[in-house]
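Input: a single structure, listed below in structure tokens.
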Amino acid sequence: MNTQTTETPLADHVDMRMVTVKSDDDRLDRNNIVQLDPDHPGFRDAEYRARRNRIAEIALTYKPGSPIPDAAYTEEEQEVWRTIWQALKPAHQKHACAEYLSALQRLQIEPSRIPQLREVSGKVQAISGFRLEPVAGLVAPRVFLESLADGVFLCTQYIRHHSTPLYTPEPDVVHEIIGHGVTLASEPLAELNRIFGAAVKRSKSSEALERLARIYWFTIEFGVLLENGLVKAYGTGLLSSAGELEAMHKAELRPLDLREIEQQEYDPTHFQPMLFCASSFVSMYEEVRSHLVQWG
Ligand SMILES: [Fe+2]
């Protein structure tokens with residue numbers, strides 16, 4: 001169970017234990033696809049749950065390569081987006097690395113409304129060749145990581161419950177777009193994602209997959225680096241949460257060491273107490289790239 005309070009802003013990718021999506025086999029009731037944990041902020045909101053089911057249907061009936069149908073967000077949900085954006089804009093200027101800030105400029109994301117995955121995917125594809133595809137929720141790590149090899153990023157489309165605008169127990173469209181969507185509009189970061197996918201495809205054992213998932217976590221999701229002597233974020237879990245961006249300055253910093261990361265466990269339910277810091281964007285890119293191309 002997630003022990004975060006609703007005051008604690010936290011966005012992460014892997015902590016999806018509060019939500020499950022029924023598999024095809026047991027989807028007897030198509031109007032009740034998404035199962036929220038009783039502790040989920042939206043558990044008692046029947047309208048929210050119905051909307052989550054409708055958005056999940058988009059993903060479940062999606063044909064890869066076709067345009068992604070738009071999700072119908074409510075005004076309350078648009079307000080969630082505006083609230084988050086208000087907190088993130090100054091946090092990005094202070095804590096995001098230069099590569100992220102220029103990718104953010106390229107994408108021209110509107111602060112006033114939730115962008116549709118279709119729009120973001122089109123822009124990202126024109127820049128790096130990556131495209132977004134909707135998923136209803138829980139995706140096995142191997143499925144998620146292997147799809148990266150084909151230039152496909154599997155994305156959730158719903159937004160967190162409006163009662164907790166700065167907290168989500170699961171990855172939502174905020175994390176996907178402000179975190180991953182933007183970083184995939186950076187050619188070097190998109191390339192690292194692709195190489196991750198290829199390394200996972202070459203790794204047959206679950207033990208090797210676990211080591212790669214740890215590297216993904218401590219670089220693509222929670223990586224930091226030095227820029228003019230200051231610690232800046234390039235990790236999507238940090239860049240999609242103002243709370244995480246502030247908290248990263250309290251984390252213990254270790255020099256980027258991919259062998260060490262392979263052995264390092266992490267807890268997705270809390271702010272990260274320890275982060276791996278590269279000496280620059282270029283050195284991070286070179287190090288991660290050469291480690292992964294030699295993988296397996
Ligand atoms: Fe993520």
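By convention in this document, the chains of the structure tokens carry letters A, B, ... by their order, each chain's residues are numbered from 1, and ligands are numbered from 1 in the order they are shown.
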task = Could you give me the residues within 7 Å of ligand 1, counting only C-alpha atoms and all ligand atoms, as a VMD selection string?
result = chain A and resid 12 to 13 171 175 to 176 179 to 180 221 236 to 237
Residues flagged strand (DSSP E or B) by DSSP in region 170-261 of chain A, as a PDB file with N, CA, C and O atoms, in the first residue's frame:
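Here's the written file result_0.pdb:
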```pdb
ATOM      1  N   VAL A 224      20.021  12.576 -12.730  1.00  0.00           N
ATOM      2  CA  VAL A 224      20.433  13.975 -12.568  1.00  0.00           C
ATOM      3  C   VAL A 224      21.858  14.120 -13.090  1.00  0.00           C
ATOM      4  O   VAL A 224      22.595  13.136 -13.241  1.00  0.00           O
ATOM      5  N   LEU A 225      22.222  15.369 -13.372  1.00  0.00           N
ATOM      6  CA  LEU A 225      23.561  15.632 -13.895  1.00  0.00           C
ATOM      7  C   LEU A 225      24.010  17.018 -13.456  1.00  0.00           C
ATOM      8  O   LEU A 225      23.205  17.805 -12.949  1.00  0.00           O
ATOM      9  N   LEU A 226      25.293  17.263 -13.661  1.00  0.00           N
ATOM     10  CA  LEU A 226      25.828  18.575 -13.293  1.00  0.00           C
ATOM     11  C   LEU A 226      25.872  19.485 -14.510  1.00  0.00           C
ATOM     12  O   LEU A 226      26.241  19.064 -15.618  1.00  0.00           O
ATOM     13  N   GLU A 227      25.462  20.730 -14.263  1.00  0.00           N
ATOM     14  CA  GLU A 227      25.510  21.742 -15.313  1.00  0.00           C
ATOM     15  C   GLU A 227      26.027  23.016 -14.652  1.00  0.00           C
ATOM     16  O   GLU A 227      25.361  23.530 -13.730  1.00  0.00           O
ATOM     17  N   LEU A 230      25.833  22.953 -10.973  1.00  0.00           N
ATOM     18  CA  LEU A 230      24.535  22.779 -10.314  1.00  0.00           C
ATOM     19  C   LEU A 230      23.909  21.440 -10.709  1.00  0.00           C
ATOM     20  O   LEU A 230      24.100  20.968 -11.840  1.00  0.00           O
ATOM     21  N   VAL A 231      23.156  20.853  -9.759  1.00  0.00           N
ATOM     22  CA  VAL A 231      22.488  19.582 -10.050  1.00  0.00           C
ATOM     23  C   VAL A 231      21.198  19.869 -10.817  1.00  0.00           C
ATOM     24  O   VAL A 231      20.347  20.634 -10.363  1.00  0.00           O
ATOM     25  N   LYS A 232      21.061  19.237 -11.985  1.00  0.00           N
ATOM     26  CA  LYS A 232      19.873  19.441 -12.834  1.00  0.00           C
ATOM     27  C   LYS A 232      19.285  18.079 -13.197  1.00  0.00           C
ATOM     28  O   LYS A 232      20.004  17.085 -13.280  1.00  0.00           O
ATOM     29  N   ALA A 233      17.978  18.084 -13.447  1.00  0.00           N
ATOM     30  CA  ALA A 233      17.295  16.820 -13.732  1.00  0.00           C
ATOM     31  C   ALA A 233      17.176  16.555 -15.226  1.00  0.00           C
ATOM     32  O   ALA A 233      16.909  17.471 -15.999  1.00  0.00           O
ATOM     33  N   GLU A 252      20.820  11.894  -1.453  1.00  0.00           N
ATOM     34  CA  GLU A 252      22.257  11.567  -1.479  1.00  0.00           C
ATOM     35  C   GLU A 252      22.644  11.397  -2.950  1.00  0.00           C
ATOM     36  O   GLU A 252      21.957  10.698  -3.690  1.00  0.00           O
ATOM     37  N   LEU A 253      23.718  12.047  -3.366  1.00  0.00           N
ATOM     38  CA  LEU A 253      24.131  11.926  -4.762  1.00  0.00           C
ATOM     39  C   LEU A 253      25.341  11.017  -4.871  1.00  0.00           C
ATOM     40  O   LEU A 253      26.312  11.178  -4.130  1.00  0.00           O
ATOM     41  N   ARG A 254      25.263  10.070  -5.792  1.00  0.00           N
ATOM     42  CA  ARG A 254      26.425   9.216  -6.059  1.00  0.00           C
ATOM     43  C   ARG A 254      26.835   9.431  -7.513  1.00  0.00           C
ATOM     44  O   ARG A 254      25.971   9.681  -8.353  1.00  0.00           O
ATOM     45  N   PRO A 255      28.112   9.317  -7.808  1.00  0.00           N
ATOM     46  CA  PRO A 255      28.532   9.468  -9.207  1.00  0.00           C
ATOM     47  C   PRO A 255      27.891   8.367 -10.060  1.00  0.00           C
ATOM     48  O   PRO A 255      27.707   7.243  -9.577  1.00  0.00           O
TER      49      PRO A 255
END
```
query = Of the residues A:Val80, A:Ala87, A:Ile220, A:Ala98, which is the one nearest to Leu245 (chain A), using only C-alpha atoms?
reply =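 When distances to Leu245 (chain A) are compared using only C-alpha atoms, the smallest one comes from A:Ala87.
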Using only C-alpha atoms, which residues sit within 9 Å of Gln264 (chain A) once same-chain residues fewer than 6 positions away are excluded, as a PDB file with C-alpha atoms, in the first residue's frame?
```
ATOM      1  CA  ARG A 211      19.282  -4.994 -14.021  1.00  0.00           C
ATOM      2  CA  ARG A 214      17.207  -0.482 -12.587  1.00  0.00           C
ATOM      3  CA  ILE A 215      19.380   1.386 -15.068  1.00  0.00           C
TER       4      ILE A 215
END
```
query = Given the choices A:Thr269, A:Ser186, A:Ser205, A:Ser241, which gets closest to Leu104 (chain A) if the distance is worked out from only C-alpha atoms?
reply =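 The answer is A:Ser186, which sits nearest to Leu104 (chain A).
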task = Name all residues at most 12 Å from Glu244 (chain A) (count only C-alpha atoms; drop same-chain ones fewer than 4 positions away) and give them as a PyMOL selection string.
result = chain A and resi 8-12+87-88+91-92+95-96+166-167+175+221-224+232-233+235-240+248-251+268-273+275
Can you write just those residues out, C-alpha atoms, as a PDB file, in the first residue's frame?
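Contents of result-v1.pdb, freshly written:
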```pdb
ATOM      1  CA  THR A   8       2.921  14.872  -0.897  1.00  0.00           C
ATOM      2  CA  PRO A   9       3.441  15.484  -4.603  1.00  0.00           C
ATOM      3  CA  LEU A  10       4.830  12.392  -6.195  1.00  0.00           C
ATOM      4  CA  ALA A  11       4.747  11.124  -9.717  1.00  0.00           C
ATOM      5  CA  ASP A  12       6.386   7.891 -10.638  1.00  0.00           C
ATOM      6  CA  ALA A  87       3.912  24.489 -10.052  1.00  0.00           C
ATOM      7  CA  LEU A  88       6.127  22.946 -12.716  1.00  0.00           C
ATOM      8  CA  ALA A  91      10.508  24.337 -11.055  1.00  0.00           C
ATOM      9  CA  HIS A  92      11.639  23.469 -14.583  1.00  0.00           C
ATOM     10  CA  HIS A  95      15.966  22.420 -11.841  1.00  0.00           C
ATOM     11  CA  ALA A  96      15.684  21.028 -15.402  1.00  0.00           C
ATOM     12  CA  LEU A 166      -0.123  17.228  -6.991  1.00  0.00           C
ATOM     13  CA  TYR A 167      -0.211  13.567  -6.113  1.00  0.00           C
ATOM     14  CA  HIS A 175       3.948  12.071 -16.200  1.00  0.00           C
ATOM     15  CA  GLU A 221      13.278   8.127 -14.841  1.00  0.00           C
ATOM     16  CA  PHE A 222      15.378   9.663 -12.066  1.00  0.00           C
ATOM     17  CA  GLY A 223      18.657  10.774 -13.578  1.00  0.00           C
ATOM     18  CA  VAL A 224      20.433  13.975 -12.568  1.00  0.00           C
ATOM     19  CA  LYS A 232      19.873  19.441 -12.834  1.00  0.00           C
ATOM     20  CA  ALA A 233      17.295  16.820 -13.732  1.00  0.00           C
ATOM     21  CA  GLY A 235      14.830  12.067 -15.428  1.00  0.00           C
ATOM     22  CA  THR A 236      11.126  12.008 -16.288  1.00  0.00           C
ATOM     23  CA  GLY A 237       9.952  11.090 -12.779  1.00  0.00           C
ATOM     24  CA  LEU A 238      11.652  14.222 -11.480  1.00  0.00           C
ATOM     25  CA  LEU A 239      10.630  16.495 -14.337  1.00  0.00           C
ATOM     26  CA  SER A 240       6.922  15.658 -14.058  1.00  0.00           C
ATOM     27  CA  MET A 248      16.146  15.903  -5.423  1.00  0.00           C
ATOM     28  CA  HIS A 249      18.393  18.460  -3.756  1.00  0.00           C
ATOM     29  CA  LYS A 250      18.025  16.579  -0.472  1.00  0.00           C
ATOM     30  CA  ALA A 251      18.901  13.226  -1.998  1.00  0.00           C
ATOM     31  CA  PRO A 268       8.904   3.800  -6.258  1.00  0.00           C
ATOM     32  CA  THR A 269       6.462   4.868  -3.528  1.00  0.00           C
ATOM     33  CA  HIS A 270       8.628   7.583  -1.962  1.00  0.00           C
ATOM     34  CA  PHE A 271      10.761  10.499  -2.992  1.00  0.00           C
ATOM     35  CA  GLN A 272      14.066   9.001  -4.046  1.00  0.00           C
ATOM     36  CA  PRO A 273      16.579   9.242  -1.171  1.00  0.00           C
ATOM     37  CA  LEU A 275      20.241   9.563  -7.034  1.00  0.00           C
TER      38      LEU A 275
END
```
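Proximity to Glu133 (chain A) at 8 Å, evaluated using only C-alpha atoms and with sequence-adjacent residues fewer than 6 positions away removed, yields Ala59, Pro64, Ile68, Leu117, Val152, Phe153, Leu154 and Cys155 of chain A.
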task = Write out as a list in words each polymer residue whose atoms come within 12 Å of Ala126 (chain A), counting only C-alpha atoms; drop sequence neighbours fewer than 4 positions from it.
result =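 Final neighbour list, sorted by chain and number: Arg106, Leu107, Glu119, Val120, Ser121, Gly122, Phe130, Arg131, Leu184, Ala185, Ser186 and Glu187 of chain A.
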Mind writing the picked residues with N, CA and C atoms as a PDB file, in the first residue's frame?
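Okay, again_33.pdb is ready:
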```
ATOM      1  N   ARG A 106      10.605  22.998 -28.039  1.00  0.00           N
ATOM      2  CA  ARG A 106      10.243  22.419 -29.344  1.00  0.00           C
ATOM      3  C   ARG A 106       8.812  21.899 -29.346  1.00  0.00           C
ATOM      4  N   LEU A 107       8.365  21.318 -28.227  1.00  0.00           N
ATOM      5  CA  LEU A 107       7.029  20.712 -28.198  1.00  0.00           C
ATOM      6  C   LEU A 107       5.914  21.732 -28.042  1.00  0.00           C
ATOM      7  N   GLU A 119      -1.809  14.577 -30.539  1.00  0.00           N
ATOM      8  CA  GLU A 119      -1.062  15.791 -30.914  1.00  0.00           C
ATOM      9  C   GLU A 119       0.407  15.663 -30.521  1.00  0.00           C
ATOM     10  N   VAL A 120       0.633  15.192 -29.286  1.00  0.00           N
ATOM     11  CA  VAL A 120       2.016  15.094 -28.800  1.00  0.00           C
ATOM     12  C   VAL A 120       2.783  14.067 -29.628  1.00  0.00           C
ATOM     13  N   SER A 121       2.112  12.950 -29.912  1.00  0.00           N
ATOM     14  CA  SER A 121       2.770  11.898 -30.681  1.00  0.00           C
ATOM     15  C   SER A 121       3.216  12.417 -32.047  1.00  0.00           C
ATOM     16  N   GLY A 122       2.346  13.188 -32.696  1.00  0.00           N
ATOM     17  CA  GLY A 122       2.687  13.739 -34.019  1.00  0.00           C
ATOM     18  C   GLY A 122       3.927  14.622 -33.958  1.00  0.00           C
ATOM     19  N   PHE A 130      10.008   8.761 -32.637  1.00  0.00           N
ATOM     20  CA  PHE A 130       9.235   8.019 -31.631  1.00  0.00           C
ATOM     21  C   PHE A 130       7.762   8.335 -31.757  1.00  0.00           C
ATOM     22  N   ARG A 131       6.893   7.355 -31.510  1.00  0.00           N
ATOM     23  CA  ARG A 131       5.472   7.667 -31.421  1.00  0.00           C
ATOM     24  C   ARG A 131       4.903   7.136 -30.115  1.00  0.00           C
ATOM     25  N   LEU A 184      11.373  12.601 -25.198  1.00  0.00           N
ATOM     26  CA  LEU A 184      11.447  11.925 -26.498  1.00  0.00           C
ATOM     27  C   LEU A 184      11.519  12.931 -27.649  1.00  0.00           C
ATOM     28  N   ALA A 185      11.320  14.204 -27.333  1.00  0.00           N
ATOM     29  CA  ALA A 185      11.537  15.266 -28.325  1.00  0.00           C
ATOM     30  C   ALA A 185      12.982  15.753 -28.279  1.00  0.00           C
ATOM     31  N   SER A 186      13.845  15.017 -27.575  1.00  0.00           N
ATOM     32  CA  SER A 186      15.289  15.248 -27.589  1.00  0.00           C
ATOM     33  C   SER A 186      15.897  14.057 -28.322  1.00  0.00           C
ATOM     34  N   GLU A 187      16.629  14.316 -29.382  1.00  0.00           N
ATOM     35  CA  GLU A 187      17.163  13.187 -30.158  1.00  0.00           C
ATOM     36  C   GLU A 187      18.064  12.268 -29.337  1.00  0.00           C
TER      37      GLU A 187
END
```
task = Name the residues in contact with Ile55 (chain A) at a cut-off of 12 Å, using only C-alpha atoms, excluding same-chain residues fewer than 6 positions from it; report them as a PyMOL selection string.
result = chain A and resi 21+30-34+48-49+61-62+68-73+116-117+134-137+155-159+172-173
query = In terms of the shortest atom-to-atom distance over only C-alpha atoms, which of A:Phe144, A:Trp85, A:Tyr100, A:Phe43 is closest to Ala198 (chain A)?
reply =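 Smallest separation from Ala198 (chain A) among the options: A:Phe144.
CA of Trp217 (chain A) sits 24.7 Å away from CA of Trp81 (chain A).
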inquiry  = If I take CA of Ser163 (chain A) and CA of Val182 (chain A), how far is one from the other in Å, to one decimal?
reply    =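 Atom-to-atom, CA of Ser163 (chain A) and CA of Val182 (chain A) are spaced 25.8 Å apart.
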